[in-house]
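J.: First the structure, then my questions, so here it is.
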Amino acid sequence: MNKNLGGNIMEMYQPEAIHLTKYLFFTGKGGVGKTSTASATATYLADKGKQVMLVSTDPASNLQDVFELELSNKGTKIPNVEGLVVANFDPVEAANDYKESIVGPYRGKLPDSVLENMEEQLSGSCTVEIASFNEFANFLTDKEASTKFDHIIFDTAPTGHTLRMLQLPSAWNNYLDENETATAPLGQLSGAVDKKEMYDLAVKTLIDGQKTTLMLVTRPQKTSLLEADRASKELEEMGIKNQALIINGVLEEATDKVSEEFYAIQQEALKQMPASLAKYPEYFVPLRPYNLTGIENIRKLLNEHQEELLTGSIKPKEFPHLQAIVDNLYKTDKKVIFTMGKGGVGKTTIAAAIAMALADKGKKVHLATTDPAAHLQFVISETDKISVSHIDEEKELADYQSEILTKARETMSEEDVAYVEEDLRSPCTQEIAVFRKFAEIVEGADSDVVVIDTAPTGHTLLLLDSTQSYHKEIERSSGDIPESVQKLLPKLQNGDETEVVMVTLPEATPVYESIRLKDDLERAGIARTWWVVNNSMLSSGTTNPMLLARAQNEEVWIDKVAELSNNHYAVIEWKAEDISGDALRDIL
């Protein structure tokens with residue numbers, strides 16, 4: 001089935017009509033439907049008699065929610081889908097396995113103090129990144145898996161994180177090529193030295209268009225398409241030109257004012273789609289009324305024939321407003337406020353709205369982002385009450401490397417300085433540099449309150465986790481732990497100073513993801529009280545059958561959030577226009 005979308009004729013995405021390579025990567029901005037399309041593709045191919053492995057390398061994966069099944073990193077056969085095996089990597093479990101693979105052989109052979117030091121060096125958040133990549137590279141290069149499965153499909157992390165992972169093969173190769181002291185202790189890199197051949201093969205497989213395709217998943221939305229274009233160009237620069245575009249969630253028919261606005265926004269975004277994306281094959285997936293959970297719905301997603309929708313209307317509902325959260329943050333005089341949640345739920349918009357509302361109350365606010373996609377500059381402008389900053393990862397890395405080497409040259413021999421220089425070329429160093437800047441912003445902002453628009457869930461937790469292990473890394477590199485780092489964890493754990501505002505959508509996957517994040521925050525002792533349910537159609541009054549069905553499905557998830565938050569929540573209605581500037585006040 002073909003459709004005219006924004007002036008472009010596109011095919012509906014149906015796997016049987018496409019030549020699919022053995023390795024498929026579904027990637028894109030958080031919340032665009034990577035997991036849905038990857039799961040539906042895997043299930044479809046398995047139903048056609050193919051042997052398929054679906055692998056998640058996303059720290060914030062929700063594959064277990066989609067398949068309604070407990071999954072492991074070893075691979076689980078999916079009941080009622082002959083030929084489909086799904087593996088879901090818990091990054092913490094992978095890191096522990098990786099750590100033990102390095103330390104284990106020395107147990108009983110080296111003193112406990114030495115083993116403890118090795119474990120400390122392997123406790124940084126970067127170890128989680130390396131361990132996850134290690135699992136990913138194993139599947140990409142495993143000859144037995146290649147023989148056993150017709151297709152190996154990767155449900156990858158949101159764009160920024162995916163690109164880091166895809167860059168790792170070259171990064172590790174470069175590091176190992178340049179490291180003349182590869183037998184020296186390398187902390188998190190200890191287990192990498194003997195895997196150079198595997199990393200070489202991983203790079204070759206990624207750029208081989210006969211073996212691998214990158215499926216760029218996006219929504220028919222301006223920011224989502226711009227993000228897809230950015231990701232596409234960065235992939236091209238890395239030599240990965242074997243790409244295809246899937247536009248997910250296209251409304252096919254408008255029947256009332258709300259759906260006409262919804263449809264018009266999508267069509268205009270598609271009309272203005274970056275021309276550089278048009279050189280790749282383009283497909284679309286229609287908007288569906290149901291949540292992508294359970295085998296029945298997974299199988300329906302890519303089916304051209306859908307069930308008839310009911311007609312009718314919903315009486316608009318009244319819910320608590322964002323202003324109630326702002327009033328509480330002001331009254332309790334919070335100093336650090338995070339907006340957190342799965343990618344694509346609207347953290348940036350909520351962070352900007354909270355910052356503007358607190359500034360309107362007289363607070364001096366510093367609004368910062370650690371999000372690699374950095375959308376803040378499109379949402380809010382600086383004023384005398386609001387300052388805005390973004391952590392530039394490349395700049396922070398260069399500054400950090402320069403600072404450490406300058407200090408090293410003051411006291412070390414040329415040979416020792418050379419070793420430090422080699423160590424600083426490791427991809428782990430960037431995580432350290434970024435976290436240091438994160439701590440500096442919290443500590444040094446000239447403001448009454450710091451509002452932080454954080455990266456998607458997995459990356460956020462890696463940053464927060466590194467508050468506990470970061471000092472071990474910094475000590476190893478320079479022997480100097482900045483005061484800002486020492487102060488940060490107690491500040492984050494102090495509910496009188498810090499608040500986490502959990503942002504989600506009225507859908508199964510984002511709510512499940514928020515529940516997992518809530519549990520992780522509780523284990524870390526990070527304070528959190530408030531929830532925001534964004535982009536609700538339930539209050540819009542739509543009568544369009546597709547949007548009406550989606551709205552009816554929202555109520556159970558809003559009720560779930562009300563229960564989880566002990567009624568400390570707000571609901572923000574879907575708006576036709578992008579929310580930015582003075583319009584931020586309209587969602588309060």
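All residue names refer to the structure tokens as shown: chains lettered A, B, ... in order, residues numbered from 1 in each chain, ligands numbered from 1 in order.
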Just the residues within 9 Å of A:Val561, please, counting only C-alpha atoms, with nothing from its chain fewer than 5 positions along; format it as JSON, numbers by chain.
T.: {"A": [504, 506, 511, 531, 532, 533, 556, 566, 567, 568, 569]}
J.: Could the residues in this selection be saved with C-alpha atoms as a PDB file, in the first residue's frame?
T.:
```
ATOM      1  CA  THR A 504       5.832   9.926  31.101  1.00  0.00           C
ATOM      2  CA  PRO A 506      -0.346   7.801  29.043  1.00  0.00           C
ATOM      3  CA  VAL A 511       4.741   4.081  32.293  1.00  0.00           C
ATOM      4  CA  TRP A 531       4.948  12.795  38.110  1.00  0.00           C
ATOM      5  CA  VAL A 532       3.803  14.452  34.862  1.00  0.00           C
ATOM      6  CA  VAL A 533       1.676  12.669  32.241  1.00  0.00           C
ATOM      7  CA  VAL A 556      -5.901   3.176  32.807  1.00  0.00           C
ATOM      8  CA  ASN A 566       0.089   8.958  45.684  1.00  0.00           C
ATOM      9  CA  ASN A 567      -1.822  11.595  43.697  1.00  0.00           C
ATOM     10  CA  HIS A 568       1.264  13.814  43.293  1.00  0.00           C
ATOM     11  CA  TYR A 569       0.890  14.198  39.544  1.00  0.00           C
TER      12      TYR A 569
END
```
J.: Give the strand (DSSP E) residues of stretch 209-417 of chain A, as DSSP finds them on the backbone, and put them as a ChimeraX atom specification.
T.: /A:212-218,243-250,282-286,336-340,365-369,386-390
J.: Selected residues, N, CA and C atoms, written as a CSV table (one decimal), in the first residue's frame, please.
T.:
```
chain,number,residue,atom,x,y,z
A,212,THR,N,24.4,-5.8,6.7
A,212,THR,CA,23.8,-5.0,7.7
A,212,THR,C,23.0,-3.8,7.2
A,213,THR,N,21.9,-3.5,7.8
A,213,THR,CA,21.1,-2.4,7.4
A,213,THR,C,20.7,-1.6,8.7
A,214,LEU,N,20.9,-0.3,8.7
A,214,LEU,CA,20.4,0.6,9.8
A,214,LEU,C,19.0,1.1,9.5
A,215,MET,N,18.0,0.7,10.2
A,215,MET,CA,16.7,1.1,10.0
A,215,MET,C,16.4,2.3,10.9
A,216,LEU,N,16.5,3.5,10.3
A,216,LEU,CA,16.3,4.8,11.1
A,216,LEU,C,14.8,4.9,11.3
A,217,VAL,N,14.3,4.8,12.6
A,217,VAL,CA,12.9,4.9,12.9
A,217,VAL,C,12.7,6.3,13.4
A,218,THR,N,11.6,7.0,12.9
A,218,THR,CA,11.3,8.3,13.3
A,218,THR,C,9.8,8.5,13.4
A,243,GLN,N,21.4,2.4,5.0
A,243,GLN,CA,20.3,2.9,5.8
A,243,GLN,C,19.0,2.8,5.1
A,244,ALA,N,17.9,2.8,5.9
A,244,ALA,CA,16.5,2.9,5.4
A,244,ALA,C,15.7,3.7,6.5
A,245,LEU,N,14.7,4.3,6.1
A,245,LEU,CA,13.9,5.2,7.0
A,245,LEU,C,12.5,4.6,7.2
A,246,ILE,N,12.1,4.5,8.4
A,246,ILE,CA,10.7,4.1,8.8
A,246,ILE,C,10.0,5.2,9.6
A,247,ILE,N,9.0,5.7,9.0
A,247,ILE,CA,8.2,6.8,9.7
A,247,ILE,C,7.0,6.2,10.4
A,248,ASN,N,7.1,6.2,11.7
A,248,ASN,CA,6.1,5.4,12.5
A,248,ASN,C,5.0,6.3,13.1
A,249,GLY,N,3.8,5.8,13.1
A,249,GLY,CA,2.7,6.6,13.7
A,249,GLY,C,2.0,7.6,12.8
A,250,VAL,N,1.8,7.3,11.5
A,250,VAL,CA,1.2,8.2,10.6
A,250,VAL,C,-0.4,8.1,10.7
A,282,GLU,N,12.3,4.8,1.9
A,282,GLU,CA,11.4,5.3,2.9
A,282,GLU,C,10.1,4.5,3.0
A,283,TYR,N,9.7,4.2,4.3
A,283,TYR,CA,8.5,3.4,4.5
A,283,TYR,C,7.8,4.1,5.7
A,284,PHE,N,6.5,3.8,5.8
A,284,PHE,CA,5.7,4.3,6.9
A,284,PHE,C,4.9,3.2,7.6
A,285,VAL,N,4.6,3.4,8.9
A,285,VAL,CA,3.8,2.5,9.7
A,285,VAL,C,2.6,3.4,10.2
A,286,PRO,N,1.4,3.0,9.9
A,286,PRO,CA,0.2,3.8,10.3
A,286,PRO,C,0.1,3.9,11.8
A,336,VAL,N,17.8,21.7,43.4
A,336,VAL,CA,18.1,21.0,42.2
A,336,VAL,C,16.9,20.2,41.7
A,337,ILE,N,16.4,20.4,40.5
A,337,ILE,CA,15.2,19.7,40.0
A,337,ILE,C,15.6,19.0,38.7
A,338,PHE,N,15.4,17.7,38.6
A,338,PHE,CA,15.6,17.0,37.4
A,338,PHE,C,14.2,16.7,36.7
A,339,THR,N,14.2,16.7,35.4
A,339,THR,CA,13.1,16.0,34.7
A,339,THR,C,13.6,14.7,34.1
A,340,MET,N,13.0,13.6,34.4
A,340,MET,CA,13.5,12.3,34.0
A,340,MET,C,12.4,11.5,33.3
A,365,VAL,N,17.0,31.1,37.9
A,365,VAL,CA,17.0,29.7,37.5
A,365,VAL,C,18.1,29.5,36.4
A,366,HIS,N,18.9,28.4,36.7
A,366,HIS,CA,19.8,27.9,35.7
A,366,HIS,C,19.2,26.6,35.1
A,367,LEU,N,19.0,26.6,33.8
A,367,LEU,CA,18.5,25.5,33.1
A,367,LEU,C,19.6,24.8,32.3
A,368,ALA,N,19.8,23.5,32.5
A,368,ALA,CA,20.9,22.8,31.9
A,368,ALA,C,20.5,21.5,31.3
A,369,THR,N,21.2,21.0,30.2
A,369,THR,CA,20.9,19.7,29.7
A,369,THR,C,22.2,18.9,29.6
A,386,ILE,N,16.7,33.7,33.8
A,386,ILE,CA,16.9,32.3,33.3
A,386,ILE,C,18.2,32.3,32.5
A,387,SER,N,19.2,31.4,32.9
A,387,SER,CA,20.4,31.2,32.2
A,387,SER,C,20.3,29.7,31.7
A,388,VAL,N,20.8,29.5,30.5
A,388,VAL,CA,20.7,28.1,29.9
A,388,VAL,C,22.1,27.6,29.5
A,389,SER,N,22.4,26.4,29.7
A,389,SER,CA,23.7,25.8,29.3
A,389,SER,C,23.5,24.4,28.8
A,390,HIS,N,24.4,23.9,28.0
A,390,HIS,CA,24.4,22.6,27.4
A,390,HIS,C,25.9,22.0,27.6
```
J.: Quick one: residues within 9 Å of stretch 19-26 of chain A, only C-alpha atoms, excluding same-chain residues fewer than 3 positions away - as a compact mmCIF listing (two decimals) with all heavy atoms, in the first residue's frame?
T.:
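Everything below was put into selection.txt:
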```
# COMPACT_ATOMS: atom_id res chain seq x y z
N PRO A 15 7.75 -6.23 5.86
CA PRO A 15 9.03 -6.90 5.67
C PRO A 15 9.13 -7.81 4.45
O PRO A 15 10.19 -7.92 3.85
CB PRO A 15 9.20 -7.70 6.98
CG PRO A 15 8.42 -6.92 7.99
CD PRO A 15 7.25 -6.38 7.24
N GLU A 16 7.98 -8.45 4.06
CA GLU A 16 8.07 -9.40 2.95
C GLU A 16 8.35 -8.71 1.62
O GLU A 16 8.79 -9.34 0.65
CB GLU A 16 6.78 -10.24 2.85
CG GLU A 16 5.62 -9.56 2.14
CD GLU A 16 4.77 -8.72 3.08
OE1 GLU A 16 5.25 -8.38 4.19
OE2 GLU A 16 3.63 -8.41 2.73
N LYS A 34 11.11 2.32 18.10
CA LYS A 34 12.13 1.35 17.67
C LYS A 34 11.78 -0.06 18.13
O LYS A 34 11.84 -1.01 17.35
CB LYS A 34 13.50 1.73 18.26
CG LYS A 34 14.06 3.03 17.79
CD LYS A 34 15.43 3.30 18.40
CE LYS A 34 15.40 3.34 19.91
NZ LYS A 34 14.60 4.45 20.43
N THR A 35 11.44 -0.17 19.42
CA THR A 35 11.16 -1.50 19.97
C THR A 35 9.93 -2.11 19.30
O THR A 35 9.91 -3.30 18.99
CB THR A 35 10.95 -1.41 21.49
OG1 THR A 35 12.14 -0.88 22.09
CG2 THR A 35 10.67 -2.77 22.10
N THR A 37 8.68 -1.55 16.21
CA THR A 37 8.93 -1.97 14.83
C THR A 37 9.93 -3.13 14.79
O THR A 37 9.78 -4.04 13.95
CB THR A 37 9.42 -0.80 13.97
OG1 THR A 37 10.50 -0.13 14.64
CG2 THR A 37 8.31 0.20 13.71
N ALA A 38 10.92 -3.11 15.68
CA ALA A 38 11.88 -4.21 15.72
C ALA A 38 11.18 -5.51 16.13
O ALA A 38 11.40 -6.57 15.52
CB ALA A 38 13.01 -3.89 16.69
N LEU A 140 27.31 -9.79 17.04
CA LEU A 140 27.58 -9.31 15.69
C LEU A 140 28.66 -10.14 15.00
O LEU A 140 28.71 -10.19 13.77
CB LEU A 140 28.02 -7.84 15.75
CG LEU A 140 27.99 -7.04 14.45
CD1 LEU A 140 26.58 -6.99 13.88
CD2 LEU A 140 28.49 -5.62 14.70
N SER A 146 25.48 -16.66 13.63
CA SER A 146 25.31 -16.33 12.22
C SER A 146 24.79 -17.52 11.42
O SER A 146 23.98 -17.37 10.51
CB SER A 146 26.64 -15.85 11.64
OG SER A 146 26.51 -15.57 10.27
N PHE A 149 20.90 -18.44 12.87
CA PHE A 149 19.79 -17.50 12.64
C PHE A 149 19.85 -16.89 11.24
O PHE A 149 20.92 -16.53 10.75
CB PHE A 149 19.81 -16.38 13.69
CG PHE A 149 19.55 -16.87 15.09
CD1 PHE A 149 20.60 -17.00 15.99
CD2 PHE A 149 18.28 -17.23 15.50
CE1 PHE A 149 20.39 -17.45 17.28
CE2 PHE A 149 18.04 -17.69 16.77
CZ PHE A 149 19.10 -17.81 17.67
N ASP A 150 18.66 -16.78 10.62
CA ASP A 150 18.56 -16.11 9.33
C ASP A 150 18.70 -14.60 9.48
O ASP A 150 19.23 -13.92 8.60
CB ASP A 150 17.21 -16.43 8.67
CG ASP A 150 17.05 -17.92 8.41
OD1 ASP A 150 17.88 -18.48 7.68
OD2 ASP A 150 16.10 -18.52 8.96
N HIS A 151 18.17 -14.09 10.61
CA HIS A 151 18.25 -12.65 10.87
C HIS A 151 18.59 -12.42 12.35
O HIS A 151 18.01 -13.10 13.22
CB HIS A 151 16.93 -11.94 10.56
CG HIS A 151 16.52 -12.00 9.13
ND1 HIS A 151 17.07 -11.21 8.15
CD2 HIS A 151 15.62 -12.80 8.49
CE1 HIS A 151 16.52 -11.50 6.99
NE2 HIS A 151 15.64 -12.46 7.17
N ILE A 152 19.48 -11.48 12.61
CA ILE A 152 19.76 -11.02 13.98
C ILE A 152 19.40 -9.55 14.02
O ILE A 152 19.98 -8.73 13.29
CB ILE A 152 21.22 -11.27 14.39
CG1 ILE A 152 21.52 -12.77 14.36
CG2 ILE A 152 21.49 -10.70 15.79
CD1 ILE A 152 22.96 -13.14 14.68
N ILE A 153 18.40 -9.22 14.83
CA ILE A 153 17.83 -7.87 14.86
C ILE A 153 18.19 -7.21 16.18
O ILE A 153 17.99 -7.79 17.25
CB ILE A 153 16.29 -7.94 14.69
CG1 ILE A 153 15.95 -8.57 13.32
CG2 ILE A 153 15.66 -6.55 14.82
CD1 ILE A 153 14.46 -8.81 13.12
N PHE A 154 18.71 -5.99 16.10
CA PHE A 154 19.11 -5.24 17.29
C PHE A 154 18.11 -4.11 17.55
O PHE A 154 17.95 -3.22 16.70
CB PHE A 154 20.52 -4.66 17.13
CG PHE A 154 21.60 -5.69 17.06
CD1 PHE A 154 21.98 -6.23 15.84
CD2 PHE A 154 22.24 -6.14 18.20
CE1 PHE A 154 22.97 -7.20 15.76
CE2 PHE A 154 23.24 -7.10 18.14
CZ PHE A 154 23.60 -7.63 16.92
N ASP A 155 17.44 -4.18 18.70
CA ASP A 155 16.62 -3.06 19.16
C ASP A 155 17.55 -2.17 19.97
O ASP A 155 17.81 -2.42 21.13
CB ASP A 155 15.47 -3.59 20.04
CG ASP A 155 14.79 -2.49 20.82
OD1 ASP A 155 14.69 -1.37 20.29
OD2 ASP A 155 14.38 -2.75 21.97
N THR A 156 18.08 -1.14 19.32
CA THR A 156 19.16 -0.37 19.95
C THR A 156 18.64 0.81 20.76
O THR A 156 17.47 1.13 20.73
CB THR A 156 20.14 0.14 18.89
OG1 THR A 156 19.42 0.89 17.91
CG2 THR A 156 20.86 -0.99 18.20
N ALA A 157 19.56 1.46 21.44
CA ALA A 157 19.23 2.56 22.34
C ALA A 157 18.89 3.83 21.56
O ALA A 157 19.11 3.90 20.36
CB ALA A 157 20.41 2.83 23.27
N THR A 205 31.57 -5.71 9.69
CA THR A 205 30.19 -6.15 9.55
C THR A 205 29.24 -4.97 9.54
O THR A 205 28.27 -4.93 8.76
CB THR A 205 29.82 -7.12 10.70
OG1 THR A 205 30.76 -8.20 10.71
CG2 THR A 205 28.41 -7.68 10.51
N LEU A 206 29.49 -3.97 10.37
CA LEU A 206 28.62 -2.80 10.46
C LEU A 206 28.56 -2.02 9.15
O LEU A 206 27.50 -1.52 8.77
CB LEU A 206 29.11 -1.86 11.57
CG LEU A 206 28.75 -2.23 13.01
CD1 LEU A 206 29.53 -1.36 13.98
CD2 LEU A 206 27.27 -2.10 13.25
N GLY A 209 27.11 -3.33 3.55
CA GLY A 209 25.70 -3.22 3.16
C GLY A 209 25.07 -4.52 2.73
O GLY A 209 23.83 -4.62 2.66
N GLN A 210 25.87 -5.53 2.43
CA GLN A 210 25.33 -6.84 2.08
C GLN A 210 24.90 -7.61 3.33
O GLN A 210 24.09 -8.54 3.24
CB GLN A 210 26.38 -7.66 1.31
CG GLN A 210 26.81 -7.04 -0.01
CD GLN A 210 25.64 -6.86 -0.97
OE1 GLN A 210 24.87 -7.79 -1.20
NE2 GLN A 210 25.51 -5.66 -1.52
N LYS A 211 25.44 -7.22 4.48
CA LYS A 211 25.16 -7.94 5.72
C LYS A 211 24.29 -7.15 6.69
O LYS A 211 23.53 -7.72 7.46
CB LYS A 211 26.48 -8.30 6.43
CG LYS A 211 27.36 -9.28 5.68
CD LYS A 211 28.62 -9.58 6.49
CE LYS A 211 29.50 -10.60 5.77
NZ LYS A 211 30.75 -10.85 6.54
N THR A 212 24.42 -5.81 6.69
CA THR A 212 23.82 -4.99 7.75
C THR A 212 23.02 -3.82 7.17
O THR A 212 23.46 -3.19 6.20
CB THR A 212 24.94 -4.42 8.67
OG1 THR A 212 25.69 -5.50 9.21
CG2 THR A 212 24.34 -3.60 9.80
N THR A 213 21.87 -3.55 7.78
CA THR A 213 21.08 -2.36 7.44
C THR A 213 20.71 -1.62 8.72
O THR A 213 20.31 -2.24 9.70
CB THR A 213 19.77 -2.73 6.71
OG1 THR A 213 20.08 -3.56 5.59
CG2 THR A 213 19.06 -1.48 6.21
N LEU A 214 20.86 -0.31 8.69
CA LEU A 214 20.43 0.56 9.80
C LEU A 214 19.04 1.08 9.47
O LEU A 214 18.85 1.83 8.51
CB LEU A 214 21.39 1.75 9.97
CG LEU A 214 22.56 1.58 10.95
CD1 LEU A 214 22.07 1.48 12.36
CD2 LEU A 214 23.41 0.39 10.57
N MET A 215 18.04 0.66 10.24
CA MET A 215 16.66 1.12 10.04
C MET A 215 16.45 2.34 10.94
O MET A 215 16.31 2.22 12.16
CB MET A 215 15.67 0.01 10.41
CG MET A 215 15.99 -1.36 9.79
SD MET A 215 15.90 -1.38 7.99
CE MET A 215 14.15 -1.66 7.75
N LEU A 216 16.45 3.52 10.35
CA LEU A 216 16.25 4.76 11.10
C LEU A 216 14.76 4.95 11.34
O LEU A 216 14.00 5.23 10.41
CB LEU A 216 16.79 5.96 10.31
CG LEU A 216 18.30 6.13 10.25
CD1 LEU A 216 18.66 7.07 9.11
CD2 LEU A 216 18.82 6.69 11.57
N VAL A 217 14.33 4.78 12.58
CA VAL A 217 12.91 4.92 12.92
C VAL A 217 12.67 6.34 13.41
O VAL A 217 13.43 6.88 14.22
CB VAL A 217 12.50 3.90 14.00
CG1 VAL A 217 10.99 3.98 14.25
CG2 VAL A 217 12.88 2.48 13.58
```
J.: Go through A:Ser381, A:Gln306, A:Gln272, A:Thr543 one by one, measure the shortest atom-to-atom distance of each to A:Asp229 using only C-alpha atoms, and give the residue with the smallest value.
T.: A:Gln272
J.: What is the distance, in Å and to one decimal place, between atom CA of A:Asp90 and atom CA of A:Thr27?
T.: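 So the answer is 18.6 Å.
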J.: For A:Ala439, work out the shell of residues within 7 Å, counting only C-alpha atoms and skipping chain neighbours fewer than 3 positions away, then give it as a compact mmCIF listing (two decimals) with C-alpha atoms, in the first residue's frame.
T.:
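Listed below is the output, selection_18.txt:
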```txt
# COMPACT_ATOMS: atom_id res chain seq x y z
CA PHE A 435 30.16 13.94 34.69
CA ARG A 436 32.69 16.40 36.08
CA VAL A 442 25.07 21.83 40.04
CA GLU A 443 27.72 23.25 42.37
CA SER A 484 31.84 19.65 43.40
CA VAL A 485 31.97 15.87 42.93
CA LEU A 488 26.99 16.07 44.61
```
J.: Using Å and a single decimal, report how far atom CA of A:Phe133 sits from atom CA of A:Val92.
T.: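 The value is 12.5 Å.
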J.: If you measure from atom CA of A:Asn328 to atom CA of A:Gly343, what distance in Å do you get, rounded to one decimal?
T.: 25.5 Å
J.: Go through A:Ile526, A:Ala353, A:Val81, A:Ala94 and flag the residue nearest A:Ile572, using only C-alpha atoms for the distances.
T.: A:Ala353
J.: Please list as a list in words every residue within 8 Å of A:Lys363, counting only C-alpha atoms and excluding residues in the same chain fewer than 2 positions away.
T.: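 Counting only the stated atoms, we get Leu358, Ala359, Asp360, Lys361, Val365, Lys385, Ser447, Asp448 and Val449 of chain A.
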J.: Please list as a PyMOL selection string every residue within 12 Å of A:Tyr106, counting only C-alpha atoms and excluding residues in the same chain fewer than 6 positions away.
T.: chain A and resi 99-100+112-116+118-119
J.: Find the residues near stretch 289-301 of chain A: any atom within 7 Å, counting only C-alpha atoms, skip ones fewer than 4 places away on the same chain, and give them as a list of chain:residue names.
T.: A:Ser36, A:Ser39, A:Ala40, A:Thr43, A:Tyr44, A:Asp65, A:Val66, A:Phe67, A:Glu68, A:Glu507, A:Ala508, A:Met546, A:Ala549, A:Arg550
J.: Would you output that residue set with N, CA and C atoms, as a PDB file, in the first residue's frame?
T.:
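Once everything was written out, this is selection_17.pdb:
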```pdb
ATOM      1  N   SER A  36       8.902  -1.306  19.069  1.00  0.00           N
ATOM      2  CA  SER A  36       7.680  -1.803  18.423  1.00  0.00           C
ATOM      3  C   SER A  36       7.980  -2.342  17.036  1.00  0.00           C
ATOM      4  N   SER A  39      10.311  -5.440  17.151  1.00  0.00           N
ATOM      5  CA  SER A  39       9.600  -6.628  17.640  1.00  0.00           C
ATOM      6  C   SER A  39       8.632  -7.162  16.590  1.00  0.00           C
ATOM      7  N   ALA A  40       7.928  -6.233  15.917  1.00  0.00           N
ATOM      8  CA  ALA A  40       6.971  -6.653  14.883  1.00  0.00           C
ATOM      9  C   ALA A  40       7.691  -7.284  13.695  1.00  0.00           C
ATOM     10  N   THR A  43       8.916 -10.803  14.792  1.00  0.00           N
ATOM     11  CA  THR A  43       7.790 -11.741  14.875  1.00  0.00           C
ATOM     12  C   THR A  43       7.283 -12.106  13.485  1.00  0.00           C
ATOM     13  N   TYR A  44       7.184 -11.105  12.612  1.00  0.00           N
ATOM     14  CA  TYR A  44       6.712 -11.347  11.245  1.00  0.00           C
ATOM     15  C   TYR A  44       7.627 -12.348  10.534  1.00  0.00           C
ATOM     16  N   ASP A  65       8.299  -5.742  28.366  1.00  0.00           N
ATOM     17  CA  ASP A  65       6.924  -5.238  28.408  1.00  0.00           C
ATOM     18  C   ASP A  65       6.188  -5.581  27.114  1.00  0.00           C
ATOM     19  N   VAL A  66       6.878  -5.449  26.005  1.00  0.00           N
ATOM     20  CA  VAL A  66       6.263  -5.726  24.703  1.00  0.00           C
ATOM     21  C   VAL A  66       5.843  -7.193  24.601  1.00  0.00           C
ATOM     22  N   PHE A  67       6.739  -8.096  25.009  1.00  0.00           N
ATOM     23  CA  PHE A  67       6.441  -9.527  24.891  1.00  0.00           C
ATOM     24  C   PHE A  67       5.754 -10.093  26.138  1.00  0.00           C
ATOM     25  N   GLU A  68       5.572  -9.237  27.151  1.00  0.00           N
ATOM     26  CA  GLU A  68       4.920  -9.641  28.405  1.00  0.00           C
ATOM     27  C   GLU A  68       5.557 -10.922  28.949  1.00  0.00           C
ATOM     28  N   GLU A 507       0.701   5.801  28.183  1.00  0.00           N
ATOM     29  CA  GLU A 507       0.822   4.569  27.402  1.00  0.00           C
ATOM     30  C   GLU A 507       1.576   3.542  28.233  1.00  0.00           C
ATOM     31  N   ALA A 508       1.414   2.281  27.870  1.00  0.00           N
ATOM     32  CA  ALA A 508       2.002   1.197  28.651  1.00  0.00           C
ATOM     33  C   ALA A 508       3.517   1.305  28.763  1.00  0.00           C
ATOM     34  N   MET A 546      -9.654   6.881  15.404  1.00  0.00           N
ATOM     35  CA  MET A 546      -8.310   6.450  15.774  1.00  0.00           C
ATOM     36  C   MET A 546      -7.840   7.151  17.050  1.00  0.00           C
ATOM     37  N   ALA A 549      -9.900   6.066  20.124  1.00  0.00           N
ATOM     38  CA  ALA A 549      -9.483   4.770  20.668  1.00  0.00           C
ATOM     39  C   ALA A 549      -8.201   4.916  21.488  1.00  0.00           C
ATOM     40  N   ARG A 550      -7.282   5.733  20.997  1.00  0.00           N
ATOM     41  CA  ARG A 550      -6.040   5.954  21.751  1.00  0.00           C
ATOM     42  C   ARG A 550      -6.337   6.672  23.073  1.00  0.00           C
TER      43      ARG A 550
END
```
J.: Taking only C-alpha atoms into account, which of A:Glu268, A:Glu410, A:Glu253, A:Glu394 comes nearest A:Lys222?
T.: A:Glu268
